[in-house]
Structures are given as structure tokens and as C-alpha cells.
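J.: Structure: structure24.txt, compact mmCIF, C-alpha atoms.
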# COMPACT_ATOMS: atom_id res chain seq x y z
CA MET I 1 79.54 -18.59 -261.47
CA LYS I 2 77.02 -16.04 -260.28
CA GLN I 3 74.29 -15.32 -262.80
CA ARG I 4 73.06 -11.87 -263.67
CA THR I 5 71.49 -10.53 -266.84
CA LEU I 6 73.93 -8.54 -268.95
CA GLY I 7 71.10 -6.32 -270.11
CA SER I 8 70.58 -5.06 -266.57
CA LEU I 9 73.75 -2.99 -266.81
CA THR I 10 73.02 0.73 -266.89
CA LEU I 11 74.34 2.30 -270.08
CA VAL I 12 76.34 5.44 -269.48
CA ALA I 13 77.65 8.20 -271.65
CA GLY I 14 80.68 9.16 -269.64
CA LEU I 15 84.44 9.10 -269.65
CA VAL I 16 85.62 7.10 -266.70
CA VAL I 17 82.80 6.97 -264.16
CA LEU I 18 79.17 5.94 -263.93
CA ALA I 19 76.79 8.76 -264.76
CA GLY I 20 74.15 9.82 -262.27
CA CYS I 21 70.47 10.31 -263.05
CA GLY I 22 68.25 13.35 -263.30
CA GLY I 23 69.29 16.87 -262.50
CA ALA I 24 68.86 20.41 -263.65
CA SER I 25 69.12 21.26 -267.32
CA ASP I 26 69.68 24.96 -266.68
CA PRO I 27 72.75 26.31 -264.87
CA ASP I 28 70.51 28.86 -263.14
CA ALA I 29 68.47 26.01 -261.65
CA ALA I 30 69.26 25.15 -258.05
CA SER I 31 72.03 27.72 -257.80
CA GLY I 32 73.73 28.08 -254.47
CA GLY I 33 74.68 31.05 -252.39
CA SER I 34 71.47 31.59 -250.46
CA LYS I 35 71.84 32.16 -246.75
CA GLY I 36 71.66 28.98 -244.71
CA LYS I 37 71.76 26.73 -247.80
CA LEU I 38 74.45 24.99 -249.82
CA VAL I 39 73.81 23.46 -253.23
CA VAL I 40 75.91 20.57 -254.51
CA TRP I 41 76.16 19.55 -258.14
CA ASP I 42 77.42 16.09 -258.99
CA TRP I 43 76.54 13.03 -261.04
CA LYS I 44 76.74 10.51 -258.19
CA SER I 45 74.11 11.42 -255.61
CA GLY I 46 71.30 10.08 -257.80
CA ASP I 47 72.79 6.57 -257.78
CA ALA I 48 71.21 4.07 -255.42
CA THR I 49 74.68 2.84 -254.45
CA ALA I 50 75.60 6.36 -253.29
CA SER I 51 72.52 7.02 -251.15
CA SER I 52 74.06 5.81 -247.89
CA TYR I 53 77.24 7.76 -248.63
CA VAL I 54 75.31 10.99 -249.16
CA LYS I 55 73.16 10.38 -246.08
CA LYS I 56 76.19 9.89 -243.84
CA ALA I 57 78.01 12.90 -245.27
CA LYS I 58 74.96 15.13 -244.69
CA ALA I 59 74.61 13.82 -241.12
CA ASP I 60 78.27 14.55 -240.41
CA PHE I 61 77.90 18.08 -241.76
CA ALA I 62 74.67 18.69 -239.85
CA GLN I 63 76.41 18.01 -236.54
CA ARG I 64 78.72 20.98 -237.17
CA HIS I 65 76.24 23.23 -239.01
CA PRO I 66 72.73 22.31 -237.84
CA GLY I 67 71.16 25.41 -239.34
CA VAL I 68 72.48 24.92 -242.88
CA THR I 69 70.44 23.03 -245.49
CA VAL I 70 72.27 20.97 -248.09
CA GLU I 71 70.66 20.24 -251.46
CA PHE I 72 72.17 17.74 -253.90
CA VAL I 73 71.38 18.17 -257.58
CA ALA I 74 72.40 15.10 -259.60
CA GLN I 75 73.20 16.19 -263.13
CA PRO I 76 73.44 13.81 -266.13
CA TYR I 77 77.11 13.06 -266.65
CA ASP I 78 77.06 13.44 -270.43
CA GLN I 79 75.96 17.08 -269.93
CA TYR I 80 77.71 17.76 -266.65
CA TYR I 81 80.73 19.78 -267.74
CA THR I 82 78.69 21.70 -270.31
CA LEU I 83 76.20 22.76 -267.61
CA LEU I 84 79.02 23.51 -265.21
CA GLY I 85 80.81 25.58 -267.84
CA ALA I 86 77.68 27.67 -268.34
CA ALA I 87 77.38 28.22 -264.59
CA ILE I 88 81.02 29.27 -264.37
CA GLN I 89 80.64 31.68 -267.28
CA ALA I 90 77.61 33.20 -265.56
CA GLY I 91 79.48 33.42 -262.25
CA LYS I 92 76.74 31.65 -260.33
CA GLY I 93 75.68 28.11 -259.66
CA PRO I 94 76.39 25.46 -257.04
CA ASP I 95 78.50 26.09 -253.96
CA VAL I 96 80.14 22.67 -254.09
CA MET I 97 80.72 20.59 -257.21
CA LEU I 98 82.13 17.21 -258.14
CA PHE I 99 85.07 16.84 -260.52
CA ASN I 100 87.06 14.12 -262.17
CA GLY I 101 90.73 14.42 -261.35
CA GLY I 102 93.05 15.82 -264.01
CA GLY I 103 92.29 18.16 -266.88
CA GLN I 104 88.61 18.72 -266.10
CA ILE I 105 89.33 20.42 -262.79
CA ARG I 106 92.60 22.06 -263.81
CA ASP I 107 90.89 23.72 -266.77
CA ARG I 108 88.43 25.35 -264.34
CA ALA I 109 90.72 26.09 -261.41
CA ASP I 110 90.34 29.87 -261.83
CA SER I 111 86.70 29.55 -260.77
CA LEU I 112 87.42 27.44 -257.70
CA LEU I 113 88.48 28.15 -254.14
CA PRO I 114 91.90 26.82 -253.09
CA LEU I 115 91.22 24.43 -250.21
CA ASP I 116 94.70 24.05 -248.72
CA GLU I 117 93.98 25.95 -245.52
CA TYR I 118 90.81 23.93 -244.90
CA VAL I 119 92.06 20.37 -245.52
CA ARG I 120 95.40 20.31 -243.70
CA ASP I 121 94.15 17.75 -241.18
CA ASP I 122 93.04 15.41 -243.99
CA ARG I 123 96.32 15.29 -245.91
CA LYS I 124 97.73 12.10 -244.39
CA ARG I 125 94.43 10.23 -244.19
CA LEU I 126 93.44 10.80 -247.84
CA ALA I 127 95.39 9.85 -250.95
CA GLY I 128 95.12 11.09 -254.53
CA TRP I 129 95.58 14.82 -253.96
CA ASP I 130 97.82 15.41 -256.99
CA ALA I 131 94.97 14.91 -259.46
CA PHE I 132 93.18 17.93 -257.96
CA THR I 133 96.09 20.36 -257.80
CA LYS I 134 97.35 23.06 -260.11
CA ASP I 135 100.35 25.35 -259.65
CA GLY I 136 100.86 24.05 -256.11
CA LYS I 137 97.29 24.72 -254.95
CA THR I 138 94.62 22.15 -254.08
CA TYR I 139 91.15 22.67 -255.56
CA ALA I 140 89.27 19.54 -254.44
CA ALA I 141 89.44 16.84 -251.80
CA PRO I 142 89.60 13.27 -253.17
CA VAL I 143 86.65 10.96 -252.56
CA THR I 144 87.87 7.94 -254.51
CA LEU I 145 91.01 6.64 -256.11
CA GLN I 146 90.67 5.76 -259.76
CA GLY I 147 93.03 3.73 -261.83
CA HIS I 148 93.35 1.23 -264.61
CA PRO I 149 94.41 -2.24 -263.53
CA ILE I 150 94.40 -5.09 -266.01
CA TYR I 151 91.79 -7.62 -264.88
CA TYR I 152 91.97 -11.21 -266.09
CA ASN I 153 89.81 -14.30 -265.85
CA LYS I 154 91.59 -17.00 -263.86
CA SER I 155 89.04 -19.61 -264.87
CA LEU I 156 89.90 -19.13 -268.54
CA TYR I 157 93.59 -19.39 -267.69
CA ARG I 158 92.98 -22.75 -266.02
CA LYS I 159 90.94 -24.03 -268.97
CA ALA I 160 93.78 -23.06 -271.29
CA GLY I 161 96.34 -24.90 -269.15
CA LEU I 162 98.00 -21.66 -267.96
CA ASP I 163 98.93 -20.83 -264.37
CA PRO I 164 96.32 -18.28 -263.20
CA GLU I 165 98.57 -17.13 -260.36
CA ARG I 166 101.49 -16.35 -262.67
CA PRO I 167 100.35 -14.25 -265.62
CA ALA I 168 103.06 -13.36 -268.14
CA THR I 169 105.35 -10.48 -267.24
CA ARG I 170 106.83 -9.93 -270.72
CA TRP I 171 104.85 -8.83 -273.75
CA ASP I 172 105.98 -11.61 -276.07
CA GLU I 173 105.06 -14.21 -273.45
CA PHE I 174 101.75 -12.46 -272.84
CA VAL I 175 100.83 -12.54 -276.54
CA ALA I 176 101.76 -16.22 -276.70
CA ASP I 177 99.50 -16.91 -273.73
CA CYS I 178 96.71 -14.98 -275.45
CA ARG I 179 97.05 -17.19 -278.52
CA THR I 180 96.77 -20.23 -276.27
CA LEU I 181 93.72 -18.78 -274.52
CA THR I 182 91.95 -18.17 -277.81
CA LYS I 183 92.85 -21.59 -279.20
CA LYS I 184 91.75 -23.49 -276.07
CA THR I 185 88.75 -21.40 -274.94
CA GLY I 186 87.69 -19.23 -277.89
CA ALA I 187 88.16 -16.08 -275.80
CA ARG I 188 89.95 -13.07 -277.29
CA CYS I 189 92.84 -11.55 -275.41
CA PHE I 190 91.30 -8.13 -274.67
CA ALA I 191 87.79 -6.78 -274.29
CA GLN I 192 87.99 -3.38 -275.96
CA GLY I 193 85.46 -0.58 -276.44
CA ASN I 194 86.46 2.58 -278.28
CA LYS I 195 83.17 3.83 -279.70
CA GLU I 196 83.45 6.94 -277.53
CA GLY I 197 87.24 7.17 -277.95
CA ILE I 198 87.69 6.13 -274.33
CA GLY I 199 89.48 2.84 -274.89
CA ILE I 200 92.76 4.59 -275.68
CA GLN I 201 92.73 6.30 -272.28
CA PHE I 202 92.49 2.95 -270.53
CA PHE I 203 95.11 1.40 -272.84
CA LEU I 204 97.61 4.26 -272.43
CA SER I 205 97.39 4.26 -268.66
CA GLY I 206 96.96 0.50 -268.24
CA LEU I 207 99.91 -0.54 -270.39
CA GLY I 208 102.03 2.60 -270.54
CA SER I 209 104.25 1.67 -267.60
CA GLY I 210 105.23 -1.47 -269.50
CA VAL I 211 106.54 0.68 -272.37
CA LEU I 212 108.01 3.85 -270.85
CA SER I 213 111.06 3.81 -268.61
CA PRO I 214 110.54 5.13 -265.06
CA ARG I 215 112.21 8.42 -266.02
CA GLN I 216 110.10 8.78 -269.17
CA TYR I 217 107.01 8.04 -267.12
CA ASP I 218 107.86 10.63 -264.48
CA ASP I 219 108.71 13.22 -267.14
CA TRP I 220 105.34 12.58 -268.80
CA ILE I 221 103.48 13.19 -265.54
CA ALA I 222 105.54 16.33 -264.86
CA GLY I 223 104.61 17.77 -268.27
CA ARG I 224 107.96 17.10 -269.95
CA ARG I 225 106.47 14.84 -272.61
CA ASP I 226 108.72 13.86 -275.51
CA TRP I 227 106.16 12.86 -278.13
CA SER I 228 108.91 12.12 -280.65
CA SER I 229 110.54 9.42 -278.52
CA PRO I 230 110.40 5.82 -279.79
CA ALA I 231 108.81 4.71 -276.50
CA VAL I 232 105.88 7.12 -276.78
CA LYS I 233 105.33 6.13 -280.41
CA ARG I 234 105.47 2.48 -279.34
CA VAL I 235 102.46 2.96 -277.07
CA PHE I 236 100.36 4.08 -280.02
CA SER I 237 101.76 1.52 -282.44
CA LEU I 238 100.96 -1.14 -279.82
CA TRP I 239 97.38 0.16 -279.65
CA LYS I 240 97.01 -0.44 -283.39
CA GLU I 241 98.99 -3.69 -283.37
CA VAL I 242 96.80 -5.30 -280.71
CA ASN I 243 93.72 -4.67 -282.82
CA ASP I 244 95.34 -5.56 -286.15
CA LYS I 245 96.49 -8.93 -284.78
CA GLY I 246 92.99 -9.84 -283.61
CA LEU I 247 93.75 -9.65 -279.91
CA ASN I 248 90.72 -7.41 -279.31
CA ASN I 249 87.08 -8.40 -279.67
CA ASP I 250 85.67 -7.65 -283.12
CA GLY I 251 84.48 -4.12 -283.81
CA ALA I 252 86.34 -2.25 -281.07
CA ASN I 253 85.51 1.11 -282.68
CA SER I 254 81.80 0.28 -282.69
CA THR I 255 81.78 -1.16 -279.15
CA ALA I 256 80.97 1.18 -276.28
CA MET I 257 83.32 0.99 -273.33
CA PHE I 258 80.44 1.54 -270.92
CA ASN I 259 79.23 -1.11 -270.62
CA ASP I 260 79.51 -3.25 -273.74
CA ALA I 261 83.26 -3.85 -273.53
CA PHE I 262 82.95 -4.87 -269.90
CA ALA I 263 80.11 -7.20 -270.87
CA VAL I 264 82.51 -8.94 -273.27
CA PHE I 265 84.87 -9.64 -270.37
CA GLN I 266 82.12 -10.60 -267.94
CA SER I 267 80.63 -13.07 -270.42
CA THR I 268 84.05 -14.79 -270.75
CA GLU I 269 84.39 -13.76 -274.41
CA ALA I 270 87.70 -12.08 -273.54
CA ALA I 271 90.35 -13.06 -271.02
CA HIS I 272 91.54 -9.56 -270.08
CA VAL I 273 90.21 -6.04 -269.82
CA VAL I 274 91.80 -2.78 -268.74
CA GLY I 275 89.15 -1.70 -266.26
CA LEU I 276 88.67 0.74 -263.44
CA MET I 277 89.41 0.55 -259.74
CA SER I 278 86.06 1.93 -258.66
CA ASP I 279 82.53 3.03 -259.62
CA THR I 280 81.92 0.77 -262.64
CA GLY I 281 83.86 -1.61 -264.84
CA HIS I 282 85.64 -2.74 -261.70
CA TRP I 283 86.15 -5.65 -259.33
CA LYS I 284 82.73 -5.37 -257.66
CA ASP I 285 80.84 -5.23 -260.96
CA PHE I 286 82.77 -8.20 -262.33
CA ALA I 287 82.04 -10.23 -259.20
CA GLY I 288 78.36 -10.05 -260.10
CA PHE I 289 79.08 -12.24 -263.14
CA LEU I 290 82.26 -14.13 -262.30
CA ASP I 291 83.28 -15.83 -259.10
CA ALA I 292 85.22 -13.28 -257.06
CA ASP I 293 88.14 -15.69 -256.66
CA ASP I 294 88.43 -15.96 -260.46
CA ILE I 295 89.02 -12.23 -260.96
CA GLY I 296 92.75 -11.60 -261.20
CA VAL I 297 94.61 -8.29 -261.31
CA MET I 298 97.93 -7.88 -263.11
CA LYS I 299 100.27 -5.07 -264.04
CA SER I 300 101.29 -4.41 -267.61
CA PRO I 301 103.71 -6.89 -269.14
CA VAL I 302 107.08 -5.35 -270.05
CA VAL I 303 106.98 -4.27 -273.70
CA LEU I 304 110.31 -2.42 -273.90
CA ALA I 305 113.42 -3.20 -271.87
CA GLY I 306 113.92 -0.79 -268.99
CA ALA I 307 110.22 -0.35 -268.21
CA THR I 308 109.05 -0.95 -264.64
CA PRO I 309 105.32 -1.73 -264.62
CA SER I 310 103.24 -0.16 -261.87
CA LEU I 311 99.62 0.30 -260.92
CA PRO I 312 98.32 3.45 -262.67
CA TYR I 313 96.06 5.44 -260.39
CA ASP I 314 95.12 8.95 -259.35
CA GLY I 315 92.54 10.75 -257.36
CA GLY I 316 89.31 9.65 -259.04
CA ILE I 317 86.56 12.08 -258.13
CA GLY I 318 86.62 14.89 -255.62
CA TYR I 319 84.51 17.79 -254.40
CA ALA I 320 85.50 21.42 -254.96
CA VAL I 321 84.15 24.78 -253.77
CA ALA I 322 83.10 27.59 -256.12
CA LYS I 323 84.72 30.98 -255.68
CA TRP I 324 81.29 32.60 -255.56
CA THR I 325 80.04 30.72 -252.49
CA ARG I 326 78.94 33.10 -249.71
CA ASP I 327 80.68 31.30 -246.85
CA PRO I 328 83.83 29.50 -248.03
CA GLY I 329 84.55 28.01 -244.62
CA VAL I 330 81.13 26.37 -244.35
CA ALA I 331 81.31 25.08 -247.93
CA ALA I 332 84.78 23.66 -247.25
CA ASP I 333 83.37 21.92 -244.16
CA LEU I 334 80.82 20.23 -246.41
CA VAL I 335 83.66 18.98 -248.60
CA ARG I 336 85.31 17.59 -245.48
CA SER I 337 82.09 15.79 -244.55
CA LEU I 338 81.91 14.36 -248.06
CA THR I 339 85.39 12.90 -247.50
CA ALA I 340 84.82 11.78 -243.89
CA THR I 341 85.77 8.19 -243.06
CA GLY I 342 82.23 7.09 -242.16
CA ALA I 343 80.81 8.34 -245.45
CA LEU I 344 83.61 6.82 -247.51
CA GLU I 345 83.21 3.47 -245.77
CA SER I 346 79.63 3.39 -247.05
CA PHE I 347 80.69 4.36 -250.56
CA TYR I 348 83.16 1.48 -250.60
CA ALA I 349 80.69 -1.04 -249.16
CA ASP I 350 77.77 -0.13 -251.44
CA ALA I 351 79.41 0.97 -254.68
CA GLY I 352 82.75 -0.82 -254.52
CA ALA I 353 84.58 2.49 -254.73
CA ILE I 354 88.23 2.41 -253.74
CA ALA I 355 88.00 5.21 -251.22
CA ALA I 356 90.73 7.82 -251.03
CA ASP I 357 90.73 7.24 -247.26
CA ARG I 358 93.69 5.04 -246.30
CA THR I 359 91.92 3.92 -243.09
CA VAL I 360 88.92 2.23 -244.78
CA ASP I 361 89.00 -1.55 -244.22
CA VAL I 362 88.81 -3.41 -247.55
CA SER I 363 89.62 -6.89 -246.21
CA SER I 364 86.18 -8.23 -247.15
CA GLY I 365 86.49 -7.22 -250.80
CA GLY I 366 88.16 -10.36 -252.11
CA PRO I 367 91.50 -11.02 -253.79
CA ALA I 368 91.14 -8.50 -256.63
CA VAL I 369 90.61 -5.49 -254.40
CA ALA I 370 93.29 -6.75 -252.01
CA THR I 371 95.78 -6.84 -254.89
CA ILE I 372 94.80 -3.34 -256.03
CA VAL I 373 95.11 -1.80 -252.59
CA SER I 374 98.45 -3.53 -251.94
CA GLU I 375 99.92 -1.81 -255.01
CA ILE I 376 98.77 1.73 -254.24
CA ASP I 377 101.86 2.80 -252.33
CA ARG I 378 104.02 1.66 -255.27
CA GLY I 379 101.69 3.01 -257.94
CA LYS I 380 102.12 6.07 -260.13
CA PRO I 381 99.66 8.62 -261.55
CA ALA I 382 97.73 7.53 -264.63
CA LEU I 383 99.28 8.78 -267.88
CA HIS I 384 96.13 10.09 -269.56
CA VAL I 385 95.11 12.11 -266.49
CA ALA I 386 98.23 14.27 -266.89
CA LEU I 387 97.13 15.44 -270.35
CA PRO I 388 95.06 18.58 -271.02
CA SER I 389 91.40 17.71 -271.53
CA ARG I 390 91.47 18.92 -275.16
CA THR I 391 94.40 16.62 -275.89
CA VAL I 392 92.52 13.69 -274.33
CA GLU I 393 89.55 14.44 -276.59
CA LEU I 394 91.82 14.61 -279.65
CA MET I 395 93.50 11.37 -278.62
CA GLY I 396 90.09 9.69 -278.60
CA ARG I 397 89.37 10.74 -282.19
CA LEU I 398 92.84 9.78 -283.39
CA SER I 399 92.64 6.42 -281.63
CA GLN I 400 89.58 5.56 -283.71
CA GLN I 401 91.41 6.59 -286.88
CA LEU I 402 94.42 4.47 -285.91
CA LEU I 403 92.23 1.39 -285.57
CA SER I 404 90.50 2.11 -288.88
CA GLY I 405 93.82 2.75 -290.64
CA SER I 406 92.94 6.30 -291.70
CA VAL I 407 95.91 7.90 -289.87
CA THR I 408 99.46 6.78 -289.26
CA VAL I 409 101.09 6.57 -285.84
CA ASP I 410 103.58 9.31 -286.76
CA ALA I 411 100.82 11.66 -287.92
CA ALA I 412 98.70 10.98 -284.85
CA VAL I 413 101.56 11.56 -282.43
CA LYS I 414 102.48 14.80 -284.24
CA GLN I 415 98.94 16.13 -283.76
CA LEU I 416 98.92 15.11 -280.10
CA ALA I 417 102.24 16.86 -279.50
CA ALA I 418 100.90 20.10 -280.98
CA SER I 419 97.74 19.90 -278.88
CA ASP I 420 99.72 19.18 -275.73
CA ARG I 421 101.99 22.18 -276.30
CA ALA I 422 98.97 24.42 -276.85
CA GLY I 423 97.49 23.23 -273.53
The structure given in the file should be rewritten as C-alpha cells.

T.:
Amino acid sequence: MKQRTLGSLTLVAGLVVLAGCGGASDPDAASGGSKGKLVVWDWKSGDATASSYVKKAKADFAQRHPGVTVEFVAQPYDQYYTLLGAAIQAGKGPDVMLFNGGGQIRDRADSLLPLDEYVRDDRKRLAGWDAFTKDGKTYAAPVTLQGHPIYYNKSLYRKAGLDPERPATRWDEFVADCRTLTKKTGARCFAQGNKEGIGIQFFLSGLGSGVLSPRQYDDWIAGRRDWSSPAVKRVFSLWKEVNDKGLNNDGANSTAMFNDAFAVFQSTEAAHVVGLMSDTGHWKDFAGFLDADDIGVMKSPVVLAGATPSLPYDGGIGYAVAKWTRDPGVAADLVRSLTATGALESFYADAGAIAADRTVDVSSGGPAVATIVSEIDRGKPALHVALPSRTVELMGRLSQQLLSGSVTVDAAVKQLAASDRAG
């Protein structure tokens, strides 16, 4: 096993991606729109693992627009959308900005430039567009794919006398295997962190396809969510049941997802974790602690008959253009440079990001990334990404109450349904 100090992990206060460092604290700071200059706000460009990516993207853009200066302002992720909201309210700020796919960008689509006419040539090469669309219009170009595979430790499986190449495909068998793993190795079934209310997002998307039927899944993504259905309620009762039965590490509600829950998995204290495909809490991070060949990837076991488990993924992060930018065409060209193959190859190599670019060669990434990429064409959008951002926030609070026993599943689902209807 490779050795690395767990304390060296960078703590982040974010939802699903690693936060960047530094940045402006005032939305008026480093605003864009000046002639011959574009300003980019994100939370990635301050990361050492993104430096080569940014350098290549800027070089690509400079070839087409040699007279235009590009300035990146890396904002702290835990303040990012607050700062961006202030800039949007003021009607001024960066020309180009980074977004998570899903509710965060859809909630702000009115302040963004539709990019469809600028990115036609990139449609086939890039995947993950749906996470950045609203009402048939595209508001950002995908940089990465993000999803929630279930990672497992093959070494622990072998120590427990289980076949590491054949993880259980049914929930009852999976739970039985977890009991065996704990008895033989001392490891819990799941590493779970829900201090920030994030664990439920990973759980819903990671295991949801093992509960919902394909039609129920598709209806959920399309906005036709039946919160009163037994299958939807089963997802949330399963969330509570897993914790109540001791399948999680102790203190899930007091354990931060980033990066304490992942540390539980990496230190072999848990056999499974619902992680990410890219940026952090993913295959490349885990390979710093575990042998790469011991990192397995599995789909959700079938919980209810009729479910067809799939890889849950969406567009992860993508760059958008503000409506107020002075030259939309030039700003859109910068977005295209930020999603160019050469730049995304660097992002994959240095950060382990699963690039949205279908042409990036991932053959050197090891068995875990090979399994992830092989499932993309059969995958489906992540369930939590389809929800309005306010509903996701409410779900986080209710998920903590479900684990503590201070709310029932029926009451929680009723509140979520009302929030979802309100948008």
C-alpha cells in the first residue's frame, strides 16, 4: 500500500468539488468588461493541480485573440455563489464564470448568455451538456463529468473471503457481505459523512438506481417526481436504515464528507464509499493511499425488484458567459479554449478529473477509472442534480434529522415534495 499522511488532505467547505484558494471578497473586485480584457471567476484556477490546465487554455485562447488579456480570480468555494449572486444583482462582475451542473446554474440562467450558437462544433466531442441546460438552451460548456460511483476496497474483500471481482448485486446479499466484512476485518460497510448535509446527495444518486425503476428514474430527471411513491420513500428509509443498523462509520452526522469520510475509506476503516468521479474523493485520491488495483467500482445493488442500476453522472463543472460581457463572441471563445482537448488532457492527468471530452485517453488511469469510463454511455443523470438547489439544501437538513431520529421519513418526504413543487 502506498503511504501518505491523512492529515495532508486539504479540508474543503464545498458541496461536490474541491474548493479553490484565495480570491476577491468583493463582487466589484476584478470585474470584467474592460476593453481587451476578460475576467474569469472560478474556484479551481488556484489549485496546483489545475495550473497546467489553465496555462494550456490561456495559450489556446491567445492564439485566436492575441490582444486580449485573461485574468483568473480564484474565489473561495464556500463563498463562491454568495459572491456571484451579489455580482449578478449588481449587473457587473466577471465575463466568464464557473458553475456546478444542475440547480446552481439553472437558478441563475437569466443572467447568462445562451451558448448554443457558439458551441455547435463541440457537441459531439463533449459530454454532460444536460446539466447546463434550461428550457432547451445551453448556458455553459462542460469541463468535467461528475458522478457518484460506489468505490470498494478489494483487499478487504479478499481478507473477508469474498470475491473482489464479483461484488453483490442484490441488497440483501450486499448487507450479508457487509456483515462478513465487519466480522472478518473490523471495517464498517460504508464511510459516511453528513456533517454538511452532503452525504444524502451522494447516497440518493449513488444508490437511487437500485431502488427506482427505469421509468421512475427517468420521470424524476424530467421533473415528474412522485414523492408519495413507495420507491421514493424507500430511498429515504434506506438512508436511515443503513445508519440505524450500524453499516456506517460512527457519528455520520458529525463527520465531514470532505475529507473525513473519505479518510475513513482510505484508512480501510470502511469497505465502501459513495465517492466522486473527479476532483476529490475519487479514484486518483484513493490511489494515493490504497494500491490502485485494489480500488473497485460497483453499481448500486438492486434494492427493489424492477430497478436497473446504472452509473449516475452528469456534467460536473462548466464555464458560462455573463450577459453583461462586452464581446460575447470573444468570451464564448474563451469558454471553448477552457474546454479544448489539450487543456482537458492536462486536467485529467494532473487532477484526475474525468474530462467531458470523449477523446481524452484514460488508459493509464488504472482499473477504477477504466470501469467508470466504460459505463458512461449506459449511465444516467444523477438524481440530486435534477432537484432545485433550495430542495437540495432542505434535503441536507432533513437527512441529518432522519439520522438523529427527529423527523420521520413520511414527514421529510412531504417537506421535500412541497419544496420541489415551489421550485

J.: Applying 10 Å and only C-alpha atoms, which residues near I:Asp107 remain after dropping the ones on its own chain fewer than 3 positions away? List them as a list of chain:residue names.

T.: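 My list of contacting residues is I:Gly102, I:Gly103, I:Gln104, I:Asp110, I:Ser111, I:Lys134, I:Pro388, I:Ser389, I:Arg390, I:Gly423.
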
J.: How far is it from atom CA of I:Val73 to atom CA of I:Met97, in Å with one decimal?

T.: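 Going from atom CA of I:Val73 over to atom CA of I:Met97, I get 9.7 Å.
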
J.: Distance atom CA of I:Ser209-atom CA of I:Ile317, one decimal place?

T.: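 Spanning atom CA of I:Ser209 to atom CA of I:Ile317 is a straight-line distance of 22.6 Å.
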
J.: Got a sec: who's within 10 Å of I:Asp333, counting all atoms listed in the file, leaving out chain neighbours fewer than 2 positions off, as a ChimeraX atom specification?

T.: /I:60-61,64-65,118-119,328-331,335-339

J.: Which one is closest to I:Asn153: I:Trp220, I:Phe286, I:Tyr139, I:Tyr53? Count only C-alpha atoms.

T.: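 Among the listed residues, I:Phe286 lies closest to I:Asn153.
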
J.: Quick one: pull the distance between atom CA of I:Thr341 and atom CA of I:Asp361, Å, one decimal.

T.: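 So the two atoms, atom CA of I:Thr341 and atom CA of I:Asp361, lie 10.3 Å apart.
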
J.: With all atoms listed in the file as the basis for distance, which of I:Asp314, I:Glu71, I:Asp122, I:Glu345 is at the shortest distance from I:Gly101?

T.: I:Asp314

J.: Please provide as a PyMOL selection string all residues within 10 Å of I:Thr371, with the sequence filter that same-chain residues fewer than 6 positions apart are discarded (counting all atoms listed in the file).

T.: chain I and resi 149+296-298
